[in-house]
Structures are given as structure tokens and as C-alpha cells.
Amino acid sequence: MPGPSGLILIDKPGGITSHGVVTRTRKRAATRKVGHAGTLDPMATGLLLLGLGSSTRLLTYMVGLDKEYEATIRLGQTSSTDDADGEVSPPASRAALDAVGESELSAEIEHLIGNIEQVPSTVSAIKVDGKRAYARARAGEEVVLKPRSVTVSAFDVLDLRREESVIDVDVRVECSSGTYIRALARDLGTGLSVGGHLTALRRTRVGPFRIADAVELEELNVAEHLLSPVDAASALFPTVTLDEDAADDLSHGRRIGTSGIPAVTGAIAAIAPDGRLIGLMERRGEHMRTLVNFPEDEGGSRG
């Protein structure tokens with residue numbers, strides 16, 4: 001009997017690594033074949049996508065999906081890690097904080113929307129000469145990271161609270177994969193000349209998947225909360241149901257014709273007549289070729 005295959009949407013709690021969530025899920029699912037798409041820091045909570053069994057093959061196509069976060073940015077203090085886990089600086093002067101009004105905040109946020117060049121946090125997982133930036137930083141090395149092009153499509157203020165020595169701003173951010181919300185907090189504070197860092201982060205969406213459909217880790221029942229491979233693929237890609245001959249050819253790695261298949265760029269989910277996921281295919285000239293195939297007994301079926 002094959003192990004479970006599909007996608008699980010987890011609402012990750014704070015204080016645990018993404019790998020820790022994978023470890024716990026392996027025990028519950030009684031399988032080693034579990035992976036995740038899009039790491040969340042231990043401090044962060046929210047949506048973590050897990051692939052089980054052959055559905056780990058879909059994870060490659062999920063890491064580049066756009067994302068949505070809700071976060072709290074603390075203005076008035078910087079942090080060595082750009083978040084609450086680092087060494088926090090003394091607060092900015094009261095005069096500097098008083099100079100941060102709603103118009104100033106909105107103007108500075110506007111500079112961080114759109115296609116921007118962002119310098120990642122020095123404690124990010126980006127590799128510098130083969131070694132993680134955070135490992136170099138923690139070893140006392142000076143880490144200089146190059147700016148990266150990212151897209152911030154929304155940066156909305158949800159609430160603002162003025163304390164005696166800081167300003168806490170609750171925000172919602174929609175962004176491309178690879179965007180660092182910690183870096184947005186840092187850059188917002190720098191632009192306002194008061195410093196800033198992240199104190200809370202929650203991921204609420206990854207591509208078409210939303211936190212409302214996720215299960216808390218402690219309540220996970222693998223059989224109950226497993227999204228079948230065909231349903232997962234159908235959420236991610238255009239789908240085509242093939243006839244029996246084409247399904248058999250594609251299942252065995254043979255190319256098929258393009259008749260009746262949408263002229264789209266990128267992966268298409270191929271569905272067998274019985275509703276199971278055959279795999280992913282893409283157009284190559286006058287033929288469709290296989291990108292990823294699923295075992296016949298793990299393709300699931302439409303619910």
C-alpha cells in the first residue's frame with residue numbers, strides 16, 4: 001500500500017521551525033516523504049504548505065507563488081535581525097516619533113509599493129559564497145547582500161497605535177515570492193528616520209491557498225485534512241481531462257497531440273477519465289510532453 005499523497009495546509013504556530021512542522025507531520029502520516037514549500041521563521045505563524053508522498057513533486061511549483069501577510073511593524077527601534085528576535089536599539093527621540101504623521105507614513109509606504117529593489121536581511125537564508133548569510137552574521141562576519149528585485153502589490157495599514165516610545169503599525173502586504181517583510185519593516189523605519197523592525201508576522205495566503213482553509217498543527221488528522229493530488233494540482237494549474245488513449249500515452253511518458261488543449265504557457269494538469277491526476281504536461285511545438293507523472297494509485301480523484 002502506498003503512503004498518503006496530497007497537500008496539507010497547516011496553520012503554523014509560533015516558536016517552531018518549518019522543519020519541525022514537517023517532523024511532526026511525518027509521525028502523524030507514518031511516512032518520511034513529507035516536504036514544505038516556503039519556509040516560515042520560528043517567530044512567524046500562518047499558512048505552511050506541506051506535500052506528502054508523490055505530491056512533494058508539486059512543491060517545486062509552489063515556492064514561487066505570490067503571498068499575503070499580516071504583520072506588525074514597530075517604528076522607533078531598529079533590530080540586529082530586523083525582527084523581535086534580535087538585539088533592539090534604544091528608542092528614537094520623542095520629537096522624531098512625533099514627526100511621523102499619517103501623511104508621512106503613507107508617503108513612505110508608497111515608496112515601497114510596486115517593483116522595488118530590496119536588500120534582504122543579513123540573517124536571511126541566502127547563500128553567500130556557499131554559506132548561509134545568517135550563519136556568517138552569527139559568526140561575526142560582515143555580511144553585505146546585493147539588492148534583489150521584488151514586487152509589493154499591496155501594503156495597507158490596518159491599525160496604528162502610538163505608545164510612549166514607539167509606534168506599532170499593523171499592516172497587510174501582498175508580494176512576490178522572495179520578498180522579506182522584515183526588510184520592508186526596516187526600510188520603512190529608515191525612510192521615516194526613526195528605525196523600524198518586525199514584531200509579528202502571519203502568512204495568510206500562498207497563491208490560491210488561504211489560511212481560512214488551514215488546520216492547526218495540534219488538530220491535524222492526515223486522512224481528514226489531506227487535499228488530493230488532483231484537487232491540489234487543479235488549484236494551481238489549468239486542467240485538461242484526456243481520453244483513455246492519451247491518458248495511457250502520457251502516463252508512460254509518450255508525447256501526445258495538442259488537439260483540444262488550451263494554448264497556455266507553462267504547466268497544465270492532465271486528468272484521466274476516472275478523475276485521477278496523471279501529472280503535469282507542457283506544450284512543446286505540436287506536442288504535449290510530460291513534466292511530472294504521478295503513480296496510478298496516488299493520483300487521487302476529484303472529490
# chains A, B, ... in the order shown; residues from 1 in each chain; ligands from 1

$ select_by_dssp --residues "stretch 28-142 of chain A" --states "alpha helix (DSSP H)" --output "list in words"
Arg28, Ala29, Arg94, Ala95, Ala96, Leu97, Asp98, Glu102, Ser103, Glu104, Leu105, Ser106, Ala107, Glu108, Ile109, Glu110, Ala133, Tyr134, Ala135, Arg136, Ala137 and Arg138 of chain A

$ write_last_selection --atoms "C-alpha atoms" --output "compact mmCIF listing (two decimals), in the first residue's frame"
# COMPACT_ATOMS: atom_id res chain seq x y z
CA ARG A 28 1.18 11.57 12.11
CA ALA A 29 1.23 10.44 8.49
CA ARG A 94 10.08 61.69 21.00
CA ALA A 95 10.47 64.56 18.53
CA ALA A 96 11.36 62.15 15.72
CA LEU A 97 8.35 59.96 16.51
CA ASP A 98 6.03 62.95 16.73
CA GLU A 102 -0.31 59.60 8.79
CA SER A 103 0.70 61.52 5.66
CA GLU A 104 4.40 60.85 6.24
CA LEU A 105 3.69 57.17 6.88
CA SER A 106 1.54 56.86 3.74
CA ALA A 107 4.15 58.60 1.60
CA GLU A 108 6.94 56.32 2.78
CA ILE A 109 4.82 53.21 2.30
CA GLU A 110 4.09 54.36 -1.24
CA ALA A 133 24.04 34.68 5.31
CA TYR A 134 22.66 34.13 8.82
CA ALA A 135 25.49 31.71 9.60
CA ARG A 136 28.09 34.26 8.53
CA ALA A 137 26.35 37.03 10.51
CA ARG A 138 26.17 34.92 13.67

$ residues_around --residues "A:Gly253" --least-positions-apart "2" --cutoff "12 Å" --atoms "only C-alpha atoms" --output "PyMOL selection string"
chain A and resi 246-251+255-256+278-281+288-294

$ closest_residue --among "A:His197, A:Ile167, A:Ala185, A:Leu227" --to "A:Asp213" --atoms "only C-alpha atoms"
A:Leu227

$ closest_residue --among "A:Ser5, A:Thr122, A:Thr190, A:Thr179" --to "A:Leu65" --atoms "only C-alpha atoms"
A:Thr179

$ closest_residue --among "A:Arg210, A:Lys27, A:Arg148, A:His36" --to "A:Gly178" --atoms "only C-alpha atoms"
A:Arg148

$ select_by_dssp --residues "stretch 41-237 of chain A" --states "strand (DSSP E or B)" --output "ChimeraX atom specification"
/A:45-52,67-75,79,83,88,114-118,127-128,131-132,148-162,167-175,196-206,209-210,215-216,227

$ residues_around --residues "stretch 12-15 of chain A" --least-positions-apart "2" --cutoff "10 Å" --atoms "only C-alpha atoms" --output "list in words"
Leu9, Ile10, Thr17, Ser18, Gly20, Val21, Leu40, Asp41, Pro42, Met43, Ala44, Thr45, Gly46, Leu47, Leu48, Leu49, Ala200, Leu201, Arg202, Arg203, Ile211, Ala214, Val215, Glu216, Leu217 and Glu218 of chain A

$ atom_distance --atom1 "atom CA of A:Glu174" --atom2 "atom CA of A:Ser80"
24.8 Å

$ residues_around --residues "stretch 228-231 of chain A" --least-positions-apart "6" --cutoff "12 Å" --atoms "only C-alpha atoms" --output "NGL selection string"
:A and (4-9 or 50-59 or 208-209 or 222 or 237-241 or 268-272 or 274-280 or 293-303)

$ atom_distance --atom1 "atom CA of A:Gly3" --atom2 "atom CA of A:Thr25"
12.9 Å

$ residues_around --residues "A:Glu70" --least-positions-apart "2" --cutoff "8 Å" --atoms "only C-alpha atoms" --output "list in words"
Glu68, Thr72, Asp170, Val171, Arg172, Val173, Leu201, Arg202, Arg203 and Thr204 of chain A

$ residues_around --residues "A:Val88" --least-positions-apart "2" --cutoff "8 Å" --atoms "only C-alpha atoms" --output "PyMOL selection string"
chain A and resi 77-80+84+86+90

$ atom_distance --atom1 "atom CA of A:Gly64" --atom2 "atom CA of A:Thr258"
26.9 Å

$ residues_around --residues "A:His19" --least-positions-apart "3" --cutoff "9 Å" --atoms "only C-alpha atoms" --output "ChimeraX atom specification"
/A:16,22-24,35-36,39

$ write_last_selection --atoms "N, CA and C atoms" --output "compact mmCIF listing (two decimals), in the first residue's frame"
# COMPACT_ATOMS: atom_id res chain seq x y z
N ILE A 16 8.11 27.42 16.50
CA ILE A 16 8.53 26.15 15.91
C ILE A 16 9.01 26.43 14.49
N VAL A 22 7.24 19.74 9.68
CA VAL A 22 7.40 18.57 8.81
C VAL A 22 7.64 17.32 9.64
N THR A 23 8.51 17.42 10.65
CA THR A 23 8.83 16.27 11.51
C THR A 23 7.58 15.74 12.20
N ARG A 24 6.78 16.63 12.76
CA ARG A 24 5.56 16.20 13.44
C ARG A 24 4.57 15.56 12.47
N GLY A 35 7.38 17.17 2.69
CA GLY A 35 8.18 18.37 2.47
C GLY A 35 7.31 19.61 2.55
N HIS A 36 7.94 20.77 2.57
CA HIS A 36 7.16 22.01 2.64
C HIS A 36 7.60 22.99 1.57
N THR A 39 9.52 28.50 3.48
CA THR A 39 9.84 28.47 4.90
C THR A 39 9.26 29.67 5.65

$ closest_atom_pairs --of "stretch 54-138 of chain A" --to "stretch 159-166 of chain A" --cutoff "7 Å" --atoms "only C-alpha atoms" --output "CSV"
residue,atom,partner,partner_atom,distance
A:Arg74,CA,A:Val166,CA,6.6
A:Leu75,CA,A:Val166,CA,5.7
A:Gly76,CA,A:Val166,CA,4.9
A:Pro91,CA,A:Ser165,CA,6.1
A:Arg94,CA,A:Ser165,CA,6.7
